[in-house]
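Below: the structure, in structure tokens.
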Amino acid sequence: MISVENLCKSFGDLEILKGITENIEKGEKVVIIGPSGSGKSTFLTLVGGITTASNGKIVINGKNITSMSEKELAKFRLENIGFVFQAYNLIPEMTAYQNIILPLKLAHKKIDKK
């Protein structure tokens with residue numbers, strides 16, 4: 001389901017991730033732990049397609065997201081990935097419900113009204 005091969009991320013001379021290789025199968029539960037500054041959030045933003053890797057490959061459900069254009073990646077995120085941000089990142093003018101259904105509307109998904 002998620003395959004990461006030789007994943008690297010640098011910011012200038014600062015190497016955050018170096019040569020991470022991991023496979024996560026469907027239904028498998030994974031915990032990412034480490035001290036502050038160890039690259040946990042960087043890893044998640046890479047796998048979530050929010051940031052791009054300096055090197056390596058990320059394959060999700062058989063699709064290599066590291067080779068996608070920005071437009072393809074945005075569509076892939078919309079259709080396949082959900083985020084719960086630590087700092088929320090909600091649109092303040094909208095209700096929580098409106099924030100939740102916005103990506104569904106953008107993906108042209110059916111929304112059941114309750």
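To be explicit about the labels: the chains of the structure tokens are called A, B, and onward in the order shown, and within each one the residues are counted from 1, while ligands get numbers from 1 in the order they are shown.
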
For this session: Quick one: everything within 7 Å of region 14-25 of chain A, counting only C-alpha atoms, minus sequence neighbours fewer than 4 positions away in the same chain. Send it as a PyMOL selection string.
Result: chain A and resi 1-10+39

Taking the DSSP secondary structure from the backbone, can you list the residues of chain A that are alpha helix (DSSP H), as a PDB file with N, CA, C and O atoms, in the first residue's frame?
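As written to disk, states.pdb reads:
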```pdb
ATOM      1  N   LYS A  40       9.943  13.106  11.965  1.00  0.00           N
ATOM      2  CA  LYS A  40       8.626  12.452  11.905  1.00  0.00           C
ATOM      3  C   LYS A  40       7.651  13.230  11.030  1.00  0.00           C
ATOM      4  O   LYS A  40       7.039  12.670  10.107  1.00  0.00           O
ATOM      5  N   SER A  41       7.500  14.491  11.294  1.00  0.00           N
ATOM      6  CA  SER A  41       6.566  15.321  10.510  1.00  0.00           C
ATOM      7  C   SER A  41       7.031  15.460   9.071  1.00  0.00           C
ATOM      8  O   SER A  41       6.214  15.445   8.145  1.00  0.00           O
ATOM      9  N   THR A  42       8.324  15.572   8.867  1.00  0.00           N
ATOM     10  CA  THR A  42       8.859  15.652   7.510  1.00  0.00           C
ATOM     11  C   THR A  42       8.508  14.391   6.731  1.00  0.00           C
ATOM     12  O   THR A  42       8.056  14.455   5.585  1.00  0.00           O
ATOM     13  N   PHE A  43       8.677  13.237   7.358  1.00  0.00           N
ATOM     14  CA  PHE A  43       8.326  11.966   6.722  1.00  0.00           C
ATOM     15  C   PHE A  43       6.844  11.951   6.340  1.00  0.00           C
ATOM     16  O   PHE A  43       6.483  11.577   5.226  1.00  0.00           O
ATOM     17  N   LEU A  44       5.981  12.369   7.261  1.00  0.00           N
ATOM     18  CA  LEU A  44       4.538  12.352   6.995  1.00  0.00           C
ATOM     19  C   LEU A  44       4.145  13.325   5.881  1.00  0.00           C
ATOM     20  O   LEU A  44       3.274  13.014   5.066  1.00  0.00           O
ATOM     21  N   THR A  45       4.775  14.494   5.835  1.00  0.00           N
ATOM     22  CA  THR A  45       4.448  15.435   4.761  1.00  0.00           C
ATOM     23  C   THR A  45       4.931  14.921   3.407  1.00  0.00           C
ATOM     24  O   THR A  45       4.304  15.178   2.380  1.00  0.00           O
ATOM     25  N   LEU A  46       6.020  14.171   3.402  1.00  0.00           N
ATOM     26  CA  LEU A  46       6.494  13.560   2.157  1.00  0.00           C
ATOM     27  C   LEU A  46       5.542  12.472   1.680  1.00  0.00           C
ATOM     28  O   LEU A  46       5.125  12.458   0.522  1.00  0.00           O
ATOM     29  N   VAL A  47       5.181  11.564   2.574  1.00  0.00           N
ATOM     30  CA  VAL A  47       4.274  10.471   2.218  1.00  0.00           C
ATOM     31  C   VAL A  47       2.883  11.008   1.880  1.00  0.00           C
ATOM     32  O   VAL A  47       2.187  10.460   1.031  1.00  0.00           O
ATOM     33  N   GLU A  70       2.733  18.605 -10.163  1.00  0.00           N
ATOM     34  CA  GLU A  70       1.977  19.248  -9.075  1.00  0.00           C
ATOM     35  C   GLU A  70       0.475  19.046  -9.257  1.00  0.00           C
ATOM     36  O   GLU A  70      -0.240  18.788  -8.298  1.00  0.00           O
ATOM     37  N   LYS A  71       0.003  19.144 -10.491  1.00  0.00           N
ATOM     38  CA  LYS A  71      -1.426  18.976 -10.772  1.00  0.00           C
ATOM     39  C   LYS A  71      -1.867  17.532 -10.489  1.00  0.00           C
ATOM     40  O   LYS A  71      -2.902  17.306  -9.871  1.00  0.00           O
ATOM     41  N   GLU A  72      -1.069  16.564 -10.936  1.00  0.00           N
ATOM     42  CA  GLU A  72      -1.386  15.159 -10.674  1.00  0.00           C
ATOM     43  C   GLU A  72      -1.360  14.853  -9.181  1.00  0.00           C
ATOM     44  O   GLU A  72      -2.215  14.136  -8.662  1.00  0.00           O
ATOM     45  N   LEU A  73      -0.374  15.413  -8.495  1.00  0.00           N
ATOM     46  CA  LEU A  73      -0.234  15.193  -7.061  1.00  0.00           C
ATOM     47  C   LEU A  73      -1.405  15.795  -6.293  1.00  0.00           C
ATOM     48  O   LEU A  73      -1.934  15.181  -5.367  1.00  0.00           O
ATOM     49  N   ALA A  74      -1.844  16.982  -6.682  1.00  0.00           N
ATOM     50  CA  ALA A  74      -2.992  17.616  -6.029  1.00  0.00           C
ATOM     51  C   ALA A  74      -4.245  16.744  -6.207  1.00  0.00           C
ATOM     52  O   ALA A  74      -5.007  16.539  -5.260  1.00  0.00           O
ATOM     53  N   LYS A  75      -4.451  16.213  -7.396  1.00  0.00           N
ATOM     54  CA  LYS A  75      -5.597  15.335  -7.654  1.00  0.00           C
ATOM     55  C   LYS A  75      -5.477  14.044  -6.839  1.00  0.00           C
ATOM     56  O   LYS A  75      -6.453  13.582  -6.243  1.00  0.00           O
ATOM     57  N   PHE A  76      -4.270  13.484  -6.774  1.00  0.00           N
ATOM     58  CA  PHE A  76      -4.050  12.264  -6.000  1.00  0.00           C
ATOM     59  C   PHE A  76      -4.347  12.492  -4.520  1.00  0.00           C
ATOM     60  O   PHE A  76      -5.025  11.685  -3.888  1.00  0.00           O
ATOM     61  N   ARG A  77      -3.854  13.608  -3.977  1.00  0.00           N
ATOM     62  CA  ARG A  77      -4.124  13.923  -2.561  1.00  0.00           C
ATOM     63  C   ARG A  77      -5.618  14.058  -2.326  1.00  0.00           C
ATOM     64  O   ARG A  77      -6.156  13.533  -1.348  1.00  0.00           O
ATOM     65  N   LEU A  78      -6.294  14.767  -3.202  1.00  0.00           N
ATOM     66  CA  LEU A  78      -7.730  15.000  -3.063  1.00  0.00           C
ATOM     67  C   LEU A  78      -8.502  13.689  -3.021  1.00  0.00           C
ATOM     68  O   LEU A  78      -9.420  13.530  -2.229  1.00  0.00           O
ATOM     69  N   GLU A  79      -8.113  12.751  -3.853  1.00  0.00           N
ATOM     70  CA  GLU A  79      -8.856  11.506  -3.979  1.00  0.00           C
ATOM     71  C   GLU A  79      -8.398  10.388  -3.038  1.00  0.00           C
ATOM     72  O   GLU A  79      -9.127   9.434  -2.824  1.00  0.00           O
ATOM     73  N   ASN A  80      -7.188  10.494  -2.465  1.00  0.00           N
ATOM     74  CA  ASN A  80      -6.629   9.357  -1.740  1.00  0.00           C
ATOM     75  C   ASN A  80      -6.117   9.616  -0.326  1.00  0.00           C
ATOM     76  O   ASN A  80      -5.899   8.659   0.412  1.00  0.00           O
ATOM     77  N   ALA A  96     -16.880  23.565  11.231  1.00  0.00           N
ATOM     78  CA  ALA A  96     -16.103  22.320  11.164  1.00  0.00           C
ATOM     79  C   ALA A  96     -16.674  21.406  10.080  1.00  0.00           C
ATOM     80  O   ALA A  96     -15.932  20.819   9.287  1.00  0.00           O
ATOM     81  N   TYR A  97     -18.008  21.297  10.034  1.00  0.00           N
ATOM     82  CA  TYR A  97     -18.661  20.457   9.028  1.00  0.00           C
ATOM     83  C   TYR A  97     -18.309  20.930   7.614  1.00  0.00           C
ATOM     84  O   TYR A  97     -17.977  20.129   6.745  1.00  0.00           O
ATOM     85  N   GLN A  98     -18.376  22.232   7.375  1.00  0.00           N
ATOM     86  CA  GLN A  98     -18.062  22.771   6.058  1.00  0.00           C
ATOM     87  C   GLN A  98     -16.604  22.491   5.688  1.00  0.00           C
ATOM     88  O   GLN A  98     -16.300  22.188   4.531  1.00  0.00           O
ATOM     89  N   ASN A  99     -15.693  22.571   6.657  1.00  0.00           N
ATOM     90  CA  ASN A  99     -14.292  22.245   6.418  1.00  0.00           C
ATOM     91  C   ASN A  99     -14.120  20.780   6.037  1.00  0.00           C
ATOM     92  O   ASN A  99     -13.296  20.437   5.196  1.00  0.00           O
ATOM     93  N   ILE A 100     -14.912  19.907   6.655  1.00  0.00           N
ATOM     94  CA  ILE A 100     -14.799  18.471   6.387  1.00  0.00           C
ATOM     95  C   ILE A 100     -15.345  18.123   5.010  1.00  0.00           C
ATOM     96  O   ILE A 100     -14.750  17.319   4.280  1.00  0.00           O
ATOM     97  N   ILE A 101     -16.473  18.716   4.616  1.00  0.00           N
ATOM     98  CA  ILE A 101     -17.076  18.331   3.337  1.00  0.00           C
ATOM     99  C   ILE A 101     -16.452  19.043   2.132  1.00  0.00           C
ATOM    100  O   ILE A 101     -16.643  18.604   0.999  1.00  0.00           O
ATOM    101  N   LEU A 102     -15.690  20.100   2.357  1.00  0.00           N
ATOM    102  CA  LEU A 102     -15.082  20.827   1.237  1.00  0.00           C
ATOM    103  C   LEU A 102     -14.259  19.916   0.327  1.00  0.00           C
ATOM    104  O   LEU A 102     -14.466  19.920  -0.893  1.00  0.00           O
ATOM    105  N   PRO A 103     -13.333  19.092   0.858  1.00  0.00           N
ATOM    106  CA  PRO A 103     -12.587  18.215  -0.056  1.00  0.00           C
ATOM    107  C   PRO A 103     -13.474  17.199  -0.760  1.00  0.00           C
ATOM    108  O   PRO A 103     -13.204  16.813  -1.898  1.00  0.00           O
ATOM    109  N   LEU A 104     -14.550  16.777  -0.119  1.00  0.00           N
ATOM    110  CA  LEU A 104     -15.479  15.848  -0.767  1.00  0.00           C
ATOM    111  C   LEU A 104     -16.159  16.514  -1.954  1.00  0.00           C
ATOM    112  O   LEU A 104     -16.328  15.908  -3.016  1.00  0.00           O
ATOM    113  N   LYS A 105     -16.550  17.770  -1.773  1.00  0.00           N
ATOM    114  CA  LYS A 105     -17.167  18.508  -2.876  1.00  0.00           C
ATOM    115  C   LYS A 105     -16.174  18.704  -4.026  1.00  0.00           C
ATOM    116  O   LYS A 105     -16.529  18.550  -5.188  1.00  0.00           O
ATOM    117  N   LEU A 106     -14.931  19.042  -3.680  1.00  0.00           N
ATOM    118  CA  LEU A 106     -13.908  19.244  -4.711  1.00  0.00           C
ATOM    119  C   LEU A 106     -13.644  17.962  -5.494  1.00  0.00           C
ATOM    120  O   LEU A 106     -13.319  17.999  -6.676  1.00  0.00           O
TER     121      LEU A 106
END
```

Exercise. Out of A:Asp13, A:Ile33, A:Lys26, A:Ala107, which residue has the shortest atom-to-atom distance to Asn61 (chain A) when counting only C-alpha atoms?
Worked result: A:Lys26

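Residues of region 7-60 of chain A assigned to strand (DSSP E) by DSSP on this structure's backbone: Leu7, Cys8, Lys9, Ser10, Phe11, Leu14, Glu15, Ile16, Leu17, Lys18, Gly19, Ile20, Thr21, Glu22, Asn23, Ile24, Asn55, Gly56, Lys57, Ile58, Val59 and Ile60 of chain A.
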
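Checking A:Met94, A:Met68, A:Val30, A:Ile50 one by one against Ile81 (chain A), counting only C-alpha atoms, you find the shortest gap at A:Ile50.
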